[in-house]
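Have a look at final-v2.cif; it's mmCIF, C-alpha atoms:
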```cif
data_target
#
loop_
_atom_site.group_PDB
_atom_site.id
_atom_site.type_symbol
_atom_site.label_atom_id
_atom_site.label_comp_id
_atom_site.auth_asym_id
_atom_site.auth_seq_id
_atom_site.Cartn_x
_atom_site.Cartn_y
_atom_site.Cartn_z
ATOM 1 C CA ASN A 1 -4.457 -2.271 -24.250
ATOM 2 C CA THR A 2 -1.425 -1.857 -26.448
ATOM 3 C CA ASP A 3 2.126 -0.577 -26.656
ATOM 4 C CA GLY A 4 2.998 -1.149 -23.002
ATOM 5 C CA ASP A 5 0.709 1.754 -22.121
ATOM 6 C CA THR A 6 -0.181 0.887 -18.545
ATOM 7 C CA THR A 7 -0.393 4.535 -17.543
ATOM 8 C CA ASP A 8 -3.527 6.392 -16.663
ATOM 9 C CA GLY A 9 -4.355 9.407 -14.554
ATOM 10 C CA PRO A 10 -2.462 12.651 -13.982
ATOM 11 C CA SER A 11 1.283 13.185 -13.901
ATOM 12 C CA MET A 12 3.156 12.384 -10.676
ATOM 13 C CA ASP A 13 5.948 14.015 -8.676
ATOM 14 C CA GLY A 14 7.789 10.756 -8.026
ATOM 15 C CA PHE A 15 7.198 7.148 -8.926
ATOM 16 C CA ASP A 16 8.586 3.652 -8.318
ATOM 17 C CA PHE A 17 8.244 0.778 -10.801
ATOM 18 C CA VAL A 18 8.971 -2.879 -10.001
ATOM 19 C CA VAL A 19 9.264 -5.436 -12.806
ATOM 20 C CA VAL A 20 8.892 -9.111 -11.800
ATOM 21 C CA LEU A 21 9.985 -11.502 -14.566
ATOM 22 C CA ASP A 22 8.727 -15.087 -14.349
ATOM 23 C CA THR A 23 11.792 -17.058 -15.537
ATOM 24 C CA SER A 24 10.130 -20.472 -15.604
ATOM 25 C CA THR A 25 10.493 -22.746 -18.614
ATOM 26 C CA VAL A 26 8.473 -21.745 -21.657
ATOM 27 C CA SER A 27 6.686 -24.672 -23.327
ATOM 28 C CA ASP A 28 7.698 -25.558 -26.899
ATOM 29 C CA ALA A 29 4.289 -24.380 -28.140
ATOM 30 C CA GLN A 30 4.544 -21.086 -26.250
ATOM 31 C CA GLY A 31 8.126 -20.554 -27.429
ATOM 32 C CA GLU A 32 7.137 -21.173 -31.028
ATOM 33 C CA LYS A 33 4.252 -18.735 -30.715
ATOM 34 C CA CYS A 34 6.627 -16.029 -29.425
ATOM 35 C CA GLN A 35 8.965 -16.580 -32.372
ATOM 36 C CA MET A 36 6.006 -16.168 -34.758
ATOM 37 C CA SER A 37 4.394 -13.131 -33.075
ATOM 38 C CA GLY A 38 5.131 -9.530 -32.231
ATOM 39 C CA THR A 39 8.819 -8.802 -32.808
ATOM 40 C CA ARG A 40 9.507 -12.521 -33.542
ATOM 41 C CA GLU A 41 11.867 -12.839 -30.599
ATOM 42 C CA PRO A 42 12.048 -15.282 -27.670
ATOM 43 C CA CYS A 43 9.290 -14.851 -25.073
ATOM 44 C CA LYS A 44 11.569 -13.223 -22.468
ATOM 45 C CA HIS A 45 12.658 -10.571 -24.993
ATOM 46 C CA GLN A 46 9.069 -9.827 -25.982
ATOM 47 C CA LEU A 47 8.105 -9.454 -22.315
ATOM 48 C CA MET A 48 11.085 -7.216 -21.539
ATOM 49 C CA ASN A 49 10.268 -5.114 -24.628
ATOM 50 C CA PHE A 50 6.819 -4.606 -23.107
ATOM 51 C CA ALA A 51 8.350 -3.676 -19.739
ATOM 52 C CA ASN A 52 10.640 -1.144 -21.407
ATOM 53 C CA SER A 53 7.699 0.436 -23.264
ATOM 54 C CA ALA A 54 5.760 0.643 -19.990
ATOM 55 C CA ARG A 55 8.828 2.231 -18.359
ATOM 56 C CA LYS A 56 8.936 4.921 -21.061
ATOM 57 C CA ASN A 57 5.201 5.607 -20.689
ATOM 58 C CA PHE A 58 5.479 5.947 -16.915
ATOM 59 C CA ARG A 59 8.567 8.146 -17.298
ATOM 60 C CA GLU A 60 6.563 10.615 -19.401
ATOM 61 C CA LYS A 61 4.010 10.932 -16.581
ATOM 62 C CA VAL A 62 6.586 11.727 -13.909
ATOM 63 C CA LYS A 63 7.414 15.386 -13.327
ATOM 64 C CA ALA A 64 11.159 16.127 -13.334
ATOM 65 C CA GLY A 65 11.771 12.489 -14.270
ATOM 66 C CA ASP A 66 11.952 11.276 -10.665
ATOM 67 C CA MET A 67 11.316 7.614 -11.342
ATOM 68 C CA SER A 68 13.047 4.573 -9.871
ATOM 69 C CA LEU A 69 13.020 1.110 -11.444
ATOM 70 C CA ALA A 70 13.757 -2.239 -9.784
ATOM 71 C CA GLY A 71 13.829 -5.717 -11.316
ATOM 72 C CA ILE A 72 13.249 -9.200 -9.913
ATOM 73 C CA SER A 73 13.646 -12.509 -11.775
ATOM 74 C CA SER A 74 12.104 -15.585 -10.237
ATOM 75 C CA ASP A 75 11.019 -19.218 -10.627
ATOM 76 C CA CYS A 76 10.670 -22.127 -8.179
ATOM 77 C CA TYR A 77 14.426 -22.560 -7.788
ATOM 78 C CA GLN A 78 15.884 -19.099 -7.549
ATOM 79 C CA THR A 79 14.946 -15.478 -7.107
ATOM 80 C CA GLU A 80 17.228 -12.617 -8.044
ATOM 81 C CA LEU A 81 16.865 -8.982 -7.106
ATOM 82 C CA HIS A 82 18.982 -7.310 -9.791
ATOM 83 C CA PHE A 83 21.656 -4.885 -8.555
ATOM 84 C CA ALA A 84 20.722 -6.012 -5.046
ATOM 85 C CA ASP A 85 23.117 -3.584 -3.327
ATOM 86 C CA LYS A 86 21.261 -0.624 -4.920
ATOM 87 C CA PRO A 87 18.120 -2.118 -6.468
ATOM 88 C CA TRP A 88 16.349 1.167 -7.247
ATOM 89 C CA ARG A 89 17.832 2.387 -10.536
ATOM 90 C CA LYS A 90 17.217 6.093 -11.062
ATOM 91 C CA SER A 91 18.594 7.360 -14.384
ATOM 92 C CA ASP A 92 17.570 6.321 -17.890
ATOM 93 C CA SER A 93 20.960 4.712 -18.469
ATOM 94 C CA GLN A 94 20.593 2.711 -15.240
ATOM 95 C CA HIS A 95 17.078 1.693 -16.287
ATOM 96 C CA LEU A 96 18.396 0.414 -19.622
ATOM 97 C CA ASP A 97 21.222 -1.492 -17.896
ATOM 98 C CA LEU A 98 18.599 -3.234 -15.762
ATOM 99 C CA VAL A 99 16.403 -4.071 -18.775
ATOM 100 C CA ARG A 100 19.433 -5.496 -20.627
ATOM 101 C CA ASN A 101 20.392 -7.472 -17.531
ATOM 102 C CA MET A 102 16.935 -9.023 -17.273
ATOM 103 C CA ARG A 103 16.824 -9.848 -20.990
ATOM 104 C CA LYS A 104 19.798 -12.185 -20.404
ATOM 105 C CA GLU A 105 17.899 -14.331 -17.887
ATOM 106 C CA THR A 106 17.540 -18.030 -18.707
ATOM 107 C CA MET A 107 13.945 -19.304 -18.753
ATOM 108 C CA SER A 108 14.533 -22.677 -17.161
ATOM 109 C CA GLY A 109 12.736 -23.254 -13.870
ATOM 110 C CA THR A 110 9.362 -24.553 -12.753
ATOM 111 C CA ARG A 111 6.687 -21.850 -12.608
ATOM 112 C CA CYS A 112 6.376 -20.463 -9.081
ATOM 113 C CA LEU A 113 5.341 -16.879 -8.378
ATOM 114 C CA VAL A 114 5.478 -16.665 -4.575
ATOM 115 C CA ALA A 115 9.201 -15.909 -4.227
ATOM 116 C CA GLY A 116 9.204 -13.114 -6.816
ATOM 117 C CA LEU A 117 6.069 -11.471 -5.432
ATOM 118 C CA SER A 118 7.337 -11.807 -1.832
ATOM 119 C CA ARG A 119 10.576 -10.118 -2.855
ATOM 120 C CA ALA A 120 8.581 -7.318 -4.494
ATOM 121 C CA GLU A 121 6.489 -6.910 -1.337
ATOM 122 C CA ARG A 122 9.626 -6.577 0.835
ATOM 123 C CA LEU A 123 11.219 -4.156 -1.608
ATOM 124 C CA ILE A 124 8.159 -1.893 -1.537
ATOM 125 C CA LYS A 125 7.935 -2.032 2.270
ATOM 126 C CA ASP A 126 11.634 -1.146 2.620
ATOM 127 C CA ARG A 127 11.439 2.086 0.605
ATOM 128 C CA ASN A 128 12.472 5.285 2.372
ATOM 129 C CA ASP A 129 9.500 7.227 1.017
ATOM 130 C CA GLN A 130 6.298 5.237 1.457
ATOM 131 C CA SER A 131 4.194 8.038 -0.035
ATOM 132 C CA ARG A 132 5.435 7.488 -3.601
ATOM 133 C CA PRO A 133 3.058 5.594 -5.883
ATOM 134 C CA VAL A 134 4.275 2.188 -7.066
ATOM 135 C CA ALA A 135 3.472 0.030 -10.082
ATOM 136 C CA VAL A 136 4.290 -3.683 -10.029
ATOM 137 C CA LEU A 137 4.426 -5.344 -13.452
ATOM 138 C CA LEU A 138 4.386 -9.148 -13.550
ATOM 139 C CA LEU A 139 5.759 -10.588 -16.811
ATOM 140 C CA THR A 140 4.639 -14.143 -17.396
ATOM 141 C CA HIS A 141 3.537 -16.838 -19.847
ATOM 142 C CA GLU A 142 1.101 -19.692 -20.225
ATOM 143 C CA GLU A 143 1.593 -22.319 -17.527
ATOM 144 C CA THR A 144 -0.187 -22.762 -14.207
ATOM 145 C CA ALA A 145 2.055 -21.836 -11.279
ATOM 146 C CA ALA A 146 2.762 -24.576 -8.769
ATOM 147 C CA ASP A 147 1.995 -22.114 -5.975
ATOM 148 C CA LEU A 148 -0.855 -20.133 -7.503
ATOM 149 C CA CYS A 149 -3.045 -20.064 -4.392
ATOM 150 C CA ALA A 150 -0.261 -18.687 -2.158
ATOM 151 C CA ALA A 151 0.848 -16.271 -4.914
ATOM 152 C CA THR A 152 -2.683 -14.861 -5.165
ATOM 153 C CA SER A 153 -2.698 -14.264 -1.409
ATOM 154 C CA ILE A 154 0.623 -12.345 -1.564
ATOM 155 C CA ALA A 155 -0.558 -10.368 -4.604
ATOM 156 C CA ASN A 156 -3.678 -9.365 -2.636
ATOM 157 C CA ARG A 157 -1.447 -8.069 0.169
ATOM 158 C CA ILE A 158 0.663 -6.074 -2.285
ATOM 159 C CA ARG A 159 -2.412 -4.520 -3.889
ATOM 160 C CA GLN A 160 -3.689 -3.430 -0.478
ATOM 161 C CA MET A 161 -0.479 -1.499 0.245
ATOM 162 C CA ASN A 162 -0.807 2.266 -0.006
ATOM 163 C CA GLY A 163 -0.362 3.625 -3.538
ATOM 164 C CA VAL A 164 0.349 0.280 -5.238
ATOM 165 C CA THR A 165 -1.153 -0.776 -8.568
ATOM 166 C CA MET A 166 -0.402 -4.176 -10.088
ATOM 167 C CA TYR A 167 -0.307 -4.986 -13.797
ATOM 168 C CA ALA A 168 0.692 -8.027 -15.812
ATOM 169 C CA ALA A 169 1.840 -8.706 -19.337
ATOM 170 C CA THR A 170 1.688 -12.235 -20.676
ATOM 171 C CA VAL A 171 2.425 -14.008 -23.928
ATOM 172 C CA GLY A 172 -0.187 -16.624 -22.994
ATOM 173 C CA GLU A 173 -3.642 -16.243 -24.493
ATOM 174 C CA SER A 174 -6.055 -18.842 -23.123
ATOM 175 C CA ASN A 175 -9.064 -17.466 -21.246
ATOM 176 C CA GLY A 176 -8.237 -19.538 -18.172
ATOM 177 C CA HIS A 177 -4.699 -18.152 -18.057
ATOM 178 C CA ILE A 178 -5.839 -14.533 -18.513
ATOM 179 C CA GLN A 179 -8.382 -14.994 -15.702
ATOM 180 C CA GLU A 180 -5.715 -16.549 -13.459
ATOM 181 C CA VAL A 181 -3.341 -13.636 -14.020
ATOM 182 C CA GLY A 182 -6.230 -11.174 -13.652
ATOM 183 C CA ASN A 183 -6.929 -12.634 -10.210
ATOM 184 C CA LEU A 184 -3.312 -11.918 -9.256
ATOM 185 C CA VAL A 185 -3.297 -8.273 -10.359
ATOM 186 C CA GLY A 186 -6.894 -7.512 -9.380
ATOM 187 C CA SER A 187 -8.562 -7.297 -12.794
ATOM 188 C CA THR A 188 -8.258 -8.794 -16.277
ATOM 189 C CA ASN A 189 -8.348 -5.138 -17.451
ATOM 190 C CA ARG A 190 -4.802 -4.833 -16.095
ATOM 191 C CA VAL A 191 -3.559 -7.904 -17.978
ATOM 192 C CA TYR A 192 -1.820 -6.792 -21.158
ATOM 193 C CA ASP A 193 -0.761 -8.578 -24.324
ATOM 194 C CA GLY A 194 2.979 -9.191 -23.944
ATOM 195 C CA PHE A 195 3.443 -9.024 -27.714
ATOM 196 C CA ASP A 196 2.485 -5.311 -27.747
ATOM 197 C CA SER A 197 5.608 -3.280 -27.162
#
```
Go through the file and emit its structure as structure tokens.
Amino acid sequence: NTDGDTTDGPSMDGFDFVVVLDTSTVSDAQGEKCQMSGTREPCKHQLMNFANSARKNFREKVKAGDMSLAGISSDCYQTELHFADKPWRKSDSQHLDLVRNMRKETMSGTRCLVAGLSRAERLIKDRNDQSRPVAVLLLTHEETAADLCAATSIANRIRQMNGVTMYAATVGESNGHIQEVGNLVGSTNRVYDGFDS
């Protein structure tokens, strides 16, 4: 799985894409690995590069370009829904503004996933058109979340919602971590290498 290509299946009439960025502190070892790999940038930039590549791939699948993008940044201490007054960004220029906005996030909290996933769940439930397919992309790195059990339960609920597919991209590589993230998104086959963008 490379180049942020999370797309499969036929083209779609309309599509919603939610990016959830885990803004918890990156360990020194993980941070060093990011600076030595991929585009040799900080972990958050590598992950957002992946998200932007995935966005472009999804965009190509959507007829008439009807695709909305929303972004959530989250750790144990704070959760931010970007552009909260109008979270669904519709045009390419709005998409890029959101990506740039998320690239500026500070990676500084303890790793919790519940708040970000709960916010994503509410956002999806609150959409005007529940028939549109949705992709949720979790961007994360190698640490065990303090609330992994509860996060897995929320992720299960999200995956059971109509038309939702979950993916993850991580800059962590250990087998245990990949399995953990795979449990969240429903399969290790939907866990991508965050250095591929």
Spell out the residues picked by the PyMOL selection byres ((chain A and resi 186-195) around 7) here, as a ChimeraX atom specification.
/A:1,37-38,46-47,50,167-171,178-179,181-185,196-197
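Of the listed residues (A:Arg40, A:Asp75, A:Leu98, A:Gln30), A:Leu98 comes nearest to A:Asn52; the distances count all atoms listed in the file.
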Shell of 12 Å around A:Asp129, only C-alpha atoms, local chain residues under 6 positions omitted, as a ChimeraX atom specification
/A:14-16,68,123,162-163
Evaluate the PyMOL selection byres ((chain A and resi 100) around 12) and record the selected residues as a PDB file with C-alpha atoms, in the frame of the given file, following the chain and residue labels used in the document.
```pdb
ATOM      1  CA  LYS A  44      11.569 -13.223 -22.468  1.00  0.00           C
ATOM      2  CA  HIS A  45      12.658 -10.571 -24.993  1.00  0.00           C
ATOM      3  CA  MET A  48      11.085  -7.216 -21.539  1.00  0.00           C
ATOM      4  CA  ASN A  49      10.268  -5.114 -24.628  1.00  0.00           C
ATOM      5  CA  ALA A  51       8.350  -3.676 -19.739  1.00  0.00           C
ATOM      6  CA  ASN A  52      10.640  -1.144 -21.407  1.00  0.00           C
ATOM      7  CA  GLY A  71      13.829  -5.717 -11.316  1.00  0.00           C
ATOM      8  CA  HIS A  82      18.982  -7.310  -9.791  1.00  0.00           C
ATOM      9  CA  SER A  93      20.960   4.712 -18.469  1.00  0.00           C
ATOM     10  CA  GLN A  94      20.593   2.711 -15.240  1.00  0.00           C
ATOM     11  CA  HIS A  95      17.078   1.693 -16.287  1.00  0.00           C
ATOM     12  CA  LEU A  96      18.396   0.414 -19.622  1.00  0.00           C
ATOM     13  CA  ASP A  97      21.222  -1.492 -17.896  1.00  0.00           C
ATOM     14  CA  LEU A  98      18.599  -3.234 -15.762  1.00  0.00           C
ATOM     15  CA  VAL A  99      16.403  -4.071 -18.775  1.00  0.00           C
ATOM     16  CA  ASN A 101      20.392  -7.472 -17.531  1.00  0.00           C
ATOM     17  CA  MET A 102      16.935  -9.023 -17.273  1.00  0.00           C
ATOM     18  CA  ARG A 103      16.824  -9.848 -20.990  1.00  0.00           C
ATOM     19  CA  LYS A 104      19.798 -12.185 -20.404  1.00  0.00           C
ATOM     20  CA  GLU A 105      17.899 -14.331 -17.887  1.00  0.00           C
TER      21      GLU A 105
END
```
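Taking atom CA of A:Thr152 and atom CA of A:Ala84 as the two end points, the separation is 25.0 Å.
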Per-axis box centre and lengths in Å around stretch 94-99 of chain A, 5 Å margin per side, axis-aligned, as AutoDock Vina command-line options:
```
--center_x 18.8 --center_y -0.7 --center_z -17.4 --size_x 14.8 --size_y 16.8 --size_z 14.4
```
Using all atoms listed in the file, find each residue of stretch 57-116 of chain A with at least one atom at most 10 Å away from an atom of stretch 147-151 of chain A; report its shortest atom-to-atom pair and that distance in Å (one decimal), sort the rows by chain and rising residue number, and return the result as a Markdown table.
```
| residue | atom | partner | partner_atom | distance |
| --- | --- | --- | --- | --- |
| A:Cys76 | CA | A:Asp147 | CA | 9.0 |
| A:Arg111 | CA | A:Asp147 | CA | 8.1 |
| A:Cys112 | CA | A:Asp147 | CA | 5.6 |
| A:Leu113 | CA | A:Ala151 | CA | 5.7 |
| A:Val114 | CA | A:Ala151 | CA | 4.7 |
| A:Ala115 | CA | A:Ala151 | CA | 8.4 |
| A:Gly116 | CA | A:Ala151 | CA | 9.1 |
```
Determine, counting all atoms listed in the file, every residue of protein, DNA or RNA that lies within 7 Å of (14.6, 5.0, -11.0) in the file coordinates, then give the result as a ChimeraX atom specification.
/A:16,66-69,88-91,95
Give the answer as one residue: which of A:Cys43, A:Leu81, A:Lys33, A:Lys125 has the shortest atom-to-atom distance to A:Thr140, using all atoms listed in the file?
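Selected residue with least distance to A:Thr140: A:Cys43.
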Atom CA of A:Gly172 and atom CA of A:Phe17 are how many Å apart?
22.9 Å
Just how far from atom CA of A:Val19 is atom CA of A:Ala70, in Å to one decimal?
6.3 Å
Shortest interatomic distance to A:Ala54 - which of A:Glu180, A:Asp28, A:Ala135, A:Gln160, counting all atoms listed in the file
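Under the stated criterion, the closest residue is A:Ala135.
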Which is closest to A:Arg122 among A:Ala64, A:Ala145, A:Met36, A:Ile154, if we use all atoms listed in the file?
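Under the stated criterion, the closest residue is A:Ile154.
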Using all atoms listed in the file: which of A:Thr144, A:Thr165, A:Thr106, A:Ser118 has the shortest distance to A:Arg132
A:Thr165
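Using all atoms listed in the file for every distance, the candidate list A:Val20, A:Ala146, A:Cys34, A:Ile72 yields A:Ala146 as the residue closest to A:Gly109.
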Can you pull out the residues contacting A:Ser73? Cut-off 6 Å, using only C-alpha atoms, and skip same-chain residues under 3 positions away; I want them as a PyMOL selection string.
chain A and resi 20-21+79-80
Since fewer atoms than expected are present, regenerate N, CA and C atoms for stretch 166-189 of chain A and write them as a PDB file, in the frame of the given file.
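File written: result_33.pdb
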```pdb
ATOM      1  N   MET A 166      -1.051  -3.038  -9.429  1.00  0.00           N
ATOM      2  CA  MET A 166      -0.402  -4.176 -10.088  1.00  0.00           C
ATOM      3  C   MET A 166      -0.917  -4.329 -11.509  1.00  0.00           C
ATOM      4  N   TYR A 167       0.003  -4.696 -12.397  1.00  0.00           N
ATOM      5  CA  TYR A 167      -0.307  -4.986 -13.797  1.00  0.00           C
ATOM      6  C   TYR A 167       0.377  -6.295 -14.155  1.00  0.00           C
ATOM      7  N   ALA A 168      -0.021  -6.864 -15.280  1.00  0.00           N
ATOM      8  CA  ALA A 168       0.692  -8.027 -15.812  1.00  0.00           C
ATOM      9  C   ALA A 168       0.734  -7.929 -17.326  1.00  0.00           C
ATOM     10  N   ALA A 169       1.776  -8.489 -17.897  1.00  0.00           N
ATOM     11  CA  ALA A 169       1.840  -8.706 -19.337  1.00  0.00           C
ATOM     12  C   ALA A 169       2.170 -10.177 -19.532  1.00  0.00           C
ATOM     13  N   THR A 170       1.455 -10.817 -20.434  1.00  0.00           N
ATOM     14  CA  THR A 170       1.688 -12.235 -20.676  1.00  0.00           C
ATOM     15  C   THR A 170       1.678 -12.528 -22.165  1.00  0.00           C
ATOM     16  N   VAL A 171       2.455 -13.539 -22.542  1.00  0.00           N
ATOM     17  CA  VAL A 171       2.425 -14.008 -23.928  1.00  0.00           C
ATOM     18  C   VAL A 171       1.489 -15.214 -24.059  1.00  0.00           C
ATOM     19  N   GLY A 172       0.840 -15.586 -22.949  1.00  0.00           N
ATOM     20  CA  GLY A 172      -0.187 -16.624 -22.994  1.00  0.00           C
ATOM     21  C   GLY A 172      -1.526 -16.014 -23.366  1.00  0.00           C
ATOM     22  N   GLU A 173      -2.391 -16.818 -23.987  1.00  0.00           N
ATOM     23  CA  GLU A 173      -3.642 -16.243 -24.493  1.00  0.00           C
ATOM     24  C   GLU A 173      -4.921 -16.945 -24.062  1.00  0.00           C
ATOM     25  N   SER A 174      -4.816 -18.120 -23.436  1.00  0.00           N
ATOM     26  CA  SER A 174      -6.055 -18.842 -23.123  1.00  0.00           C
ATOM     27  C   SER A 174      -6.862 -18.065 -22.090  1.00  0.00           C
ATOM     28  N   ASN A 175      -8.179 -18.192 -22.162  1.00  0.00           N
ATOM     29  CA  ASN A 175      -9.064 -17.466 -21.246  1.00  0.00           C
ATOM     30  C   ASN A 175      -8.781 -17.812 -19.794  1.00  0.00           C
ATOM     31  N   GLY A 176      -8.519 -19.105 -19.539  1.00  0.00           N
ATOM     32  CA  GLY A 176      -8.237 -19.538 -18.172  1.00  0.00           C
ATOM     33  C   GLY A 176      -6.988 -18.871 -17.623  1.00  0.00           C
ATOM     34  N   HIS A 177      -5.965 -18.776 -18.461  1.00  0.00           N
ATOM     35  CA  HIS A 177      -4.699 -18.152 -18.057  1.00  0.00           C
ATOM     36  C   HIS A 177      -4.898 -16.658 -17.787  1.00  0.00           C
ATOM     37  N   ILE A 178      -5.601 -15.973 -18.685  1.00  0.00           N
ATOM     38  CA  ILE A 178      -5.839 -14.533 -18.513  1.00  0.00           C
ATOM     39  C   ILE A 178      -6.612 -14.282 -17.217  1.00  0.00           C
ATOM     40  N   GLN A 179      -7.591 -15.135 -16.934  1.00  0.00           N
ATOM     41  CA  GLN A 179      -8.382 -14.994 -15.702  1.00  0.00           C
ATOM     42  C   GLN A 179      -7.501 -15.201 -14.469  1.00  0.00           C
ATOM     43  N   GLU A 180      -6.636 -16.215 -14.554  1.00  0.00           N
ATOM     44  CA  GLU A 180      -5.715 -16.549 -13.459  1.00  0.00           C
ATOM     45  C   GLU A 180      -4.801 -15.357 -13.141  1.00  0.00           C
ATOM     46  N   VAL A 181      -4.243 -14.776 -14.198  1.00  0.00           N
ATOM     47  CA  VAL A 181      -3.341 -13.636 -14.020  1.00  0.00           C
ATOM     48  C   VAL A 181      -4.136 -12.408 -13.560  1.00  0.00           C
ATOM     49  N   GLY A 182      -5.359 -12.263 -14.089  1.00  0.00           N
ATOM     50  CA  GLY A 182      -6.230 -11.174 -13.652  1.00  0.00           C
ATOM     51  C   GLY A 182      -6.530 -11.243 -12.170  1.00  0.00           C
ATOM     52  N   ASN A 183      -6.697 -12.454 -11.645  1.00  0.00           N
ATOM     53  CA  ASN A 183      -6.929 -12.634 -10.210  1.00  0.00           C
ATOM     54  C   ASN A 183      -5.726 -12.158  -9.398  1.00  0.00           C
ATOM     55  N   LEU A 184      -4.532 -12.347  -9.949  1.00  0.00           N
ATOM     56  CA  LEU A 184      -3.312 -11.918  -9.256  1.00  0.00           C
ATOM     57  C   LEU A 184      -3.233 -10.387  -9.189  1.00  0.00           C
ATOM     58  N   VAL A 185      -3.506  -9.733 -10.312  1.00  0.00           N
ATOM     59  CA  VAL A 185      -3.297  -8.273 -10.359  1.00  0.00           C
ATOM     60  C   VAL A 185      -4.564  -7.478 -10.038  1.00  0.00           C
ATOM     61  N   GLY A 186      -5.677  -8.173  -9.839  1.00  0.00           N
ATOM     62  CA  GLY A 186      -6.894  -7.512  -9.380  1.00  0.00           C
ATOM     63  C   GLY A 186      -7.947  -7.287 -10.438  1.00  0.00           C
ATOM     64  N   SER A 187      -7.587  -7.477 -11.714  1.00  0.00           N
ATOM     65  CA  SER A 187      -8.562  -7.297 -12.794  1.00  0.00           C
ATOM     66  C   SER A 187      -7.948  -7.768 -14.108  1.00  0.00           C
ATOM     67  N   THR A 188      -8.763  -8.417 -14.947  1.00  0.00           N
ATOM     68  CA  THR A 188      -8.258  -8.794 -16.277  1.00  0.00           C
ATOM     69  C   THR A 188      -8.018  -7.546 -17.130  1.00  0.00           C
ATOM     70  N   ASN A 189      -8.604  -6.395 -16.734  1.00  0.00           N
ATOM     71  CA  ASN A 189      -8.348  -5.138 -17.451  1.00  0.00           C
ATOM     72  C   ASN A 189      -6.914  -4.649 -17.282  1.00  0.00           C
TER      73      ASN A 189
END
```
